[in-house]
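Structure first, commentary second.
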2 protein chains.
Amino acid sequence: MKLNERGLLIVISGPSGVGKSSVRKALFDMPGQDLVYSISMTTRKPRNGEKEGVDYYFVTKETFEEKIKNGEFLEWANFVGNYYGTPREKVEELLDEGMQVVLEIEVDGALQVRRQMKDAVFIFLVPPSKEALINRLKSRGTECADELQERIDKAEKEYLLAYKYDYIVVNDEVNNAADRIMAIIRAEHARTERTIHKYVELMEGK
Amino acid sequence: MKLNERGLLIVISGPSGVGKSSVRKALFDMPGQDLVYSISMTTRKPRNGEKEGVDYYFVTKETFEEKIKNGEFLEWANFVGNYYGTPREKVEELLDEGMQVVLEIEVDGALQVRRQMKDAVFIFLVPPSKEALINRLKSRGTECADELQERIDKAEKEYLLAYKYDYIVVNDEVNNAADRIMAIIRAEHARTERTIHKYVELMEGK
């Protein structure tokens, strides 16, 4: 029996290289979960096989900038000339339907969401050690030494922002991290500020 | 991997008749749990088979009142001429050892603990409906109509105190309620205020 009928917005973030997308995939593979993934909007061209409304909402630069001006994004960013953002309206619709909406985003985007969605749950994924993070960044290969150093510097700045989140979850093992996040989602549904309203109604026989 | 090494104090409370002790028993029967039950101190005489330091700490009235004066209890009460209380020192020792200490207590006691233990987790167990609570109180039998009405009135006052707790958990089914509480315990261990200190140490290589 659920006292909180509205869905939760769960923001999963953390320093680059911590393994956000592996954890998100593990979450969505868990049995009995009722999570949905928010679909981003972008101005970049669809790649082969990508579908509108499935992989992304594809829009023009003009449309995107208009939406920025109208405050229609929970967060947005520009990467190498393309905009990416999370449309607020879709997220609100899903929350109203009682869905658990997962955003897996960069630290900067998460802090943008925090300013707008006071009742979202902010989870900061961290590596089990600094070495683990550096090894992970290295193993991604391709980059030259300068680029690697740049990514390490970025991660070092990002990990200091952990205090702005509600929870710190160690990604020591992907399934452990996903389990911890599922426990957080269950617990958050029981928090008094999310349940008291319905509970009082229930006890007053409404 | 645990970022929070200190144990949690988990206070389970709720209106009379909600089924606190059944839920507590179900919790302690769960596989893989690391919970301990805090042993109360009392001035009542040991019953047949009750053991000092196992069922209760048995002390004299004078000793108990001395301890009240010295602020040695997290909470205490007097029921029909006997004192019952939770000694603070034992609880602190268990928390320092990293144990999860469960207190299953009345609403009045829980609010006493709240004033002293700011980082404890307060869970309010509620019935799925008012009828369910009344039926439960009735099914305990023995009481006459007046006594039953008195218990219902007490429960009605108590259920209004839910807003003073961190979580509201519905006892629709004992094992569901226990599951929810286990999720809350896991989630609370990941809360930023409990993990940030150790996490920063870790990232600074200490």
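Just so we're on the same page: first chain in the structure tokens is A, next is B, and so on; residues restart at 1 for each chain, and ligands are numbered from 1 in the order they show up.
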Practice task
Write down, as an MDAnalysis selection string, each residue of chain B that has any atom within 8 Å of an atom of chain A, counting only C-alpha atoms.
Solution key: chainID B and resid 1 3 128:130 160 162:163 165:170 172 180:181 183:184 186:188 190:193 195:196 200 202:205
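By only C-alpha atoms, and with residues fewer than 3 positions from Leu8 of chain B along its chain excluded, the set lying at most 7 Å from it is Leu95, Met99, Gln100, Val101 and Ala120 of chain B.
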Fill in the blank from the handout: From the list B:Leu137, B:Lys198, B:Asp108, B:Asp34, the nearest residue to Ser16 of chain B using only C-alpha atoms is B:Leu137
Practice task
Find the residues near Val107 of chain A: any atom within 7 Å, counting only C-alpha atoms, skip ones fewer than 3 places away on the same chain, and give them as number ranges by chain.
Solution key: A: 13-15, 110-111, 158
Can I get the selected residues back with C-alpha atoms, as an mmCIF file, in the first residue's frame?
```
data_model
loop_
_atom_site.group_PDB
_atom_site.id
_atom_site.type_symbol
_atom_site.label_atom_id
_atom_site.label_comp_id
_atom_site.auth_asym_id
_atom_site.auth_seq_id
_atom_site.Cartn_x
_atom_site.Cartn_y
_atom_site.Cartn_z
ATOM 1 C CA SER A 13 25.113 12.082 -10.941
ATOM 2 C CA GLY A 14 28.784 11.934 -9.990
ATOM 3 C CA PRO A 15 32.243 12.733 -11.280
ATOM 4 C CA ALA A 110 22.179 18.026 -11.520
ATOM 5 C CA LEU A 111 22.772 21.315 -9.747
ATOM 6 C CA GLU A 158 33.313 17.531 -9.232
#
```
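Rounded to one decimal, atom CA of Asp146 of chain B and atom CA of Gly109 of chain B lie 25.0 Å from each other.
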Practice task
Work out how far atom CA of Val174 of chain A is from atom CA of Gly7 of chain A, in Å to one decimal.
Solution key: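 The value is 24.2 Å.
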Exercise for the section: Could you check how far atom CA of Glu97 of chain A sits from atom CA of Asn4 of chain A, in Å to one decimal? Expected result: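 Going from atom CA of Glu97 of chain A over to atom CA of Asn4 of chain A, I get 11.8 Å.
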Practice task
Check chain A with DSSP on the backbone and list each residue it calls strand (DSSP E), as a ChimeraX atom specification.
Solution key: /A:9-13,35-37,41-42,57-58,73-79,82-87,100-104,121-126,167-170
Keeping N, CA and C atoms, export the residues of the selection given above as a short mmCIF file (atom, residue, chain, number, x, y, z; two decimals), in the first residue's frame.
```cif
data_model
loop_
_atom_site.label_atom_id
_atom_site.label_comp_id
_atom_site.auth_asym_id
_atom_site.auth_seq_id
_atom_site.Cartn_x
_atom_site.Cartn_y
_atom_site.Cartn_z
N LEU A 9 11.39 11.95 -8.68
CA LEU A 9 12.44 12.28 -9.64
C LEU A 9 13.78 11.94 -8.99
N ILE A 10 14.48 11.00 -9.61
CA ILE A 10 15.74 10.52 -9.03
C ILE A 10 16.88 10.97 -9.95
N VAL A 11 17.73 11.82 -9.41
CA VAL A 11 18.83 12.36 -10.19
C VAL A 11 20.12 11.64 -9.79
N ILE A 12 20.67 10.90 -10.74
CA ILE A 12 21.91 10.17 -10.48
C ILE A 12 23.04 10.91 -11.18
N SER A 13 24.01 11.33 -10.39
CA SER A 13 25.11 12.08 -10.94
C SER A 13 26.41 11.62 -10.28
N LEU A 35 10.81 2.08 -12.98
CA LEU A 35 11.54 3.30 -13.33
C LEU A 35 11.30 3.65 -14.79
N VAL A 36 11.34 4.93 -15.09
CA VAL A 36 11.38 5.35 -16.48
C VAL A 36 12.54 6.31 -16.65
N TYR A 37 13.04 6.34 -17.86
CA TYR A 37 14.19 7.16 -18.16
C TYR A 37 13.69 8.40 -18.89
N MET A 41 16.26 16.19 -24.99
CA MET A 41 16.06 16.90 -26.24
C MET A 41 17.43 17.35 -26.73
N THR A 42 17.63 17.30 -28.04
CA THR A 42 18.94 17.72 -28.56
C THR A 42 18.81 18.38 -29.93
N TYR A 57 14.44 13.64 -28.32
CA TYR A 57 13.58 14.53 -29.10
C TYR A 57 14.53 15.40 -29.91
N PHE A 58 14.42 15.32 -31.23
CA PHE A 58 15.33 16.09 -32.08
C PHE A 58 14.66 17.41 -32.48
N PHE A 73 13.38 23.92 -19.65
CA PHE A 73 14.29 22.81 -19.33
C PHE A 73 14.57 22.72 -17.83
N LEU A 74 14.66 21.48 -17.35
CA LEU A 74 15.12 21.28 -15.98
C LEU A 74 16.63 21.51 -15.93
N GLU A 75 17.29 21.20 -17.01
CA GLU A 75 18.73 21.45 -17.13
C GLU A 75 19.07 21.36 -18.61
N TRP A 76 20.09 22.07 -18.99
CA TRP A 76 20.57 21.95 -20.36
C TRP A 76 22.05 22.29 -20.41
N ALA A 77 22.68 21.88 -21.51
CA ALA A 77 24.11 22.16 -21.69
C ALA A 77 24.40 22.18 -23.17
N ASN A 78 25.54 22.74 -23.49
CA ASN A 78 25.99 22.73 -24.88
C ASN A 78 27.32 21.99 -24.94
N PHE A 79 27.33 20.85 -25.65
CA PHE A 79 28.56 20.09 -25.84
C PHE A 79 28.97 20.19 -27.31
N ASN A 82 26.47 21.34 -29.85
CA ASN A 82 25.08 20.84 -29.82
C ASN A 82 24.47 21.02 -28.44
N TYR A 83 23.19 21.39 -28.45
CA TYR A 83 22.46 21.50 -27.18
C TYR A 83 21.89 20.14 -26.78
N TYR A 84 21.87 19.91 -25.47
CA TYR A 84 21.21 18.75 -24.88
C TYR A 84 20.45 19.25 -23.66
N GLY A 85 19.23 18.78 -23.45
CA GLY A 85 18.50 19.24 -22.27
C GLY A 85 17.40 18.29 -21.85
N THR A 86 16.90 18.48 -20.64
CA THR A 86 15.79 17.68 -20.11
C THR A 86 14.53 18.55 -20.06
N PRO A 87 13.55 18.24 -20.93
CA PRO A 87 12.33 19.06 -20.93
C PRO A 87 11.52 18.83 -19.65
N GLN A 100 8.55 6.61 -11.48
CA GLN A 100 9.84 7.01 -10.92
C GLN A 100 10.73 7.40 -12.10
N VAL A 101 11.03 8.67 -12.18
CA VAL A 101 11.79 9.18 -13.34
C VAL A 101 13.26 9.31 -12.99
N VAL A 102 14.10 8.65 -13.77
CA VAL A 102 15.53 8.67 -13.50
C VAL A 102 16.23 9.61 -14.48
N LEU A 103 16.99 10.54 -13.95
CA LEU A 103 17.88 11.36 -14.77
C LEU A 103 19.30 10.96 -14.44
N GLU A 104 20.06 10.59 -15.46
CA GLU A 104 21.47 10.27 -15.23
C GLU A 104 22.25 11.37 -15.93
N VAL A 121 15.22 13.62 -5.62
CA VAL A 121 16.20 12.92 -4.79
C VAL A 121 17.53 12.93 -5.52
N PHE A 122 18.54 13.49 -4.88
CA PHE A 122 19.84 13.67 -5.54
C PHE A 122 20.86 12.68 -5.01
N ILE A 123 21.33 11.84 -5.91
CA ILE A 123 22.26 10.78 -5.53
C ILE A 123 23.60 11.03 -6.22
N PHE A 124 24.65 11.06 -5.41
CA PHE A 124 25.99 11.28 -5.94
C PHE A 124 26.73 9.95 -5.91
N LEU A 125 27.07 9.48 -7.08
CA LEU A 125 27.76 8.21 -7.21
C LEU A 125 29.26 8.48 -7.09
N VAL A 126 29.94 7.71 -6.24
CA VAL A 126 31.38 7.96 -6.06
C VAL A 126 32.17 6.67 -6.27
N TYR A 167 22.31 11.95 -1.05
CA TYR A 167 22.91 10.64 -0.76
C TYR A 167 24.24 10.50 -1.49
N ILE A 168 25.17 9.79 -0.85
CA ILE A 168 26.42 9.42 -1.50
C ILE A 168 26.44 7.90 -1.60
N VAL A 169 26.51 7.40 -2.83
CA VAL A 169 26.49 5.95 -3.04
C VAL A 169 27.80 5.52 -3.67
N VAL A 170 28.47 4.57 -3.04
CA VAL A 170 29.75 4.08 -3.57
C VAL A 170 29.48 3.08 -4.69
#
```
Problem - DSSP helix (DSSP H, G or I) residues within chain A, listed as a PyMOL selection string - result: chain A and resi 20-28+61-69+88-96+107-116+130-139+145-164+174-190+192-203
For the residues in that selection, give me C-alpha atoms as an mmCIF file, in the first residue's frame.
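And here is the file that came out, part_31.cif:
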```cif
data_model
loop_
_atom_site.group_PDB
_atom_site.id
_atom_site.type_symbol
_atom_site.label_atom_id
_atom_site.label_comp_id
_atom_site.auth_asym_id
_atom_site.auth_seq_id
_atom_site.Cartn_x
_atom_site.Cartn_y
_atom_site.Cartn_z
ATOM 1 C CA LYS A 20 26.957 6.427 -13.984
ATOM 2 C CA SER A 21 25.597 4.784 -17.092
ATOM 3 C CA SER A 22 26.549 1.230 -16.000
ATOM 4 C CA VAL A 23 24.743 1.767 -12.710
ATOM 5 C CA ARG A 24 21.728 3.217 -14.482
ATOM 6 C CA LYS A 25 21.607 0.176 -16.787
ATOM 7 C CA ALA A 26 21.843 -2.182 -13.795
ATOM 8 C CA LEU A 27 18.970 -0.284 -12.140
ATOM 9 C CA PHE A 28 16.746 -0.703 -15.175
ATOM 10 C CA LYS A 61 18.747 25.148 -32.649
ATOM 11 C CA GLU A 62 16.109 27.906 -32.867
ATOM 12 C CA THR A 63 13.458 25.776 -31.132
ATOM 13 C CA PHE A 64 15.924 24.761 -28.418
ATOM 14 C CA GLU A 65 16.999 28.347 -27.731
ATOM 15 C CA GLU A 66 13.371 29.449 -27.600
ATOM 16 C CA LYS A 67 12.704 26.747 -24.991
ATOM 17 C CA ILE A 68 15.706 27.862 -22.945
ATOM 18 C CA LYS A 69 14.302 31.396 -22.976
ATOM 19 C CA ARG A 88 10.481 19.832 -17.705
ATOM 20 C CA GLU A 89 6.965 19.152 -18.984
ATOM 21 C CA LYS A 90 7.556 15.489 -19.862
ATOM 22 C CA VAL A 91 9.134 14.857 -16.476
ATOM 23 C CA GLU A 92 6.222 16.478 -14.631
ATOM 24 C CA GLU A 93 3.728 14.377 -16.629
ATOM 25 C CA LEU A 94 5.517 11.163 -15.692
ATOM 26 C CA LEU A 95 5.706 12.182 -12.025
ATOM 27 C CA ASP A 96 1.978 12.948 -12.006
ATOM 28 C CA VAL A 107 27.195 17.330 -12.028
ATOM 29 C CA ASP A 108 26.502 20.719 -13.558
ATOM 30 C CA GLY A 109 23.094 19.587 -14.858
ATOM 31 C CA ALA A 110 22.179 18.026 -11.520
ATOM 32 C CA LEU A 111 22.772 21.315 -9.747
ATOM 33 C CA GLN A 112 20.525 23.057 -12.292
ATOM 34 C CA VAL A 113 17.751 20.533 -11.511
ATOM 35 C CA ARG A 114 18.239 21.029 -7.768
ATOM 36 C CA ARG A 115 17.349 24.688 -8.106
ATOM 37 C CA GLN A 116 14.032 23.845 -9.786
ATOM 38 C CA LYS A 130 40.652 8.024 -6.066
ATOM 39 C CA GLU A 131 42.858 5.405 -7.729
ATOM 40 C CA ALA A 132 39.789 3.556 -8.959
ATOM 41 C CA LEU A 133 38.541 6.731 -10.624
ATOM 42 C CA ILE A 134 41.889 7.507 -12.269
ATOM 43 C CA ASN A 135 42.202 3.911 -13.496
ATOM 44 C CA ARG A 136 38.728 4.108 -14.959
ATOM 45 C CA LEU A 137 39.495 7.364 -16.752
ATOM 46 C CA LYS A 138 42.736 5.839 -18.088
ATOM 47 C CA SER A 139 41.051 2.642 -19.265
ATOM 48 C CA ALA A 145 48.194 12.541 -21.398
ATOM 49 C CA ASP A 146 47.013 16.159 -21.420
ATOM 50 C CA GLU A 147 43.409 15.197 -22.006
ATOM 51 C CA LEU A 148 43.598 12.577 -19.251
ATOM 52 C CA GLN A 149 44.995 15.148 -16.816
ATOM 53 C CA GLU A 150 42.198 17.518 -17.786
ATOM 54 C CA ARG A 151 39.569 14.869 -17.040
ATOM 55 C CA ILE A 152 41.216 14.036 -13.703
ATOM 56 C CA ASP A 153 41.222 17.741 -12.787
ATOM 57 C CA LYS A 154 37.549 17.989 -13.728
ATOM 58 C CA ALA A 155 36.675 14.906 -11.671
ATOM 59 C CA GLU A 156 38.562 16.361 -8.705
ATOM 60 C CA LYS A 157 36.521 19.518 -8.830
ATOM 61 C CA GLU A 158 33.313 17.531 -9.232
ATOM 62 C CA TYR A 159 33.830 15.160 -6.347
ATOM 63 C CA LEU A 160 33.983 18.128 -3.981
ATOM 64 C CA LEU A 161 30.352 18.890 -4.830
ATOM 65 C CA ALA A 162 29.105 15.722 -3.106
ATOM 66 C CA TYR A 163 27.835 17.770 -0.163
ATOM 67 C CA LYS A 164 25.141 19.287 -2.387
ATOM 68 C CA VAL A 174 27.591 -1.983 -10.139
ATOM 69 C CA ASN A 175 24.859 -4.230 -8.684
ATOM 70 C CA ASN A 176 25.604 -3.148 -5.121
ATOM 71 C CA ALA A 177 25.280 0.467 -6.163
ATOM 72 C CA ALA A 178 21.983 -0.264 -7.962
ATOM 73 C CA ASP A 179 20.670 -2.108 -4.868
ATOM 74 C CA ARG A 180 21.512 0.865 -2.690
ATOM 75 C CA ILE A 181 19.708 3.202 -5.061
ATOM 76 C CA MET A 182 16.604 0.975 -5.029
ATOM 77 C CA ALA A 183 16.625 1.097 -1.211
ATOM 78 C CA ILE A 184 16.871 4.885 -1.372
ATOM 79 C CA ILE A 185 13.869 5.059 -3.714
ATOM 80 C CA ARG A 186 11.762 2.848 -1.398
ATOM 81 C CA ALA A 187 12.817 4.823 1.660
ATOM 82 C CA GLU A 188 12.138 8.189 0.041
ATOM 83 C CA HIS A 189 8.574 7.120 -0.744
ATOM 84 C CA ALA A 190 8.027 6.651 2.994
ATOM 85 C CA THR A 192 6.997 11.924 6.211
ATOM 86 C CA GLU A 193 6.841 14.978 3.964
ATOM 87 C CA ARG A 194 5.717 12.737 1.073
ATOM 88 C CA THR A 195 3.234 10.620 3.058
ATOM 89 C CA ILE A 196 1.673 12.723 5.812
ATOM 90 C CA HIS A 197 -1.001 14.280 3.615
ATOM 91 C CA LYS A 198 -2.447 10.998 2.375
ATOM 92 C CA TYR A 199 -2.031 9.415 5.810
ATOM 93 C CA VAL A 200 -4.098 12.094 7.542
ATOM 94 C CA GLU A 201 -6.798 11.727 4.868
ATOM 95 C CA LEU A 202 -6.811 7.983 5.471
ATOM 96 C CA MET A 203 -7.173 8.320 9.225
#
```
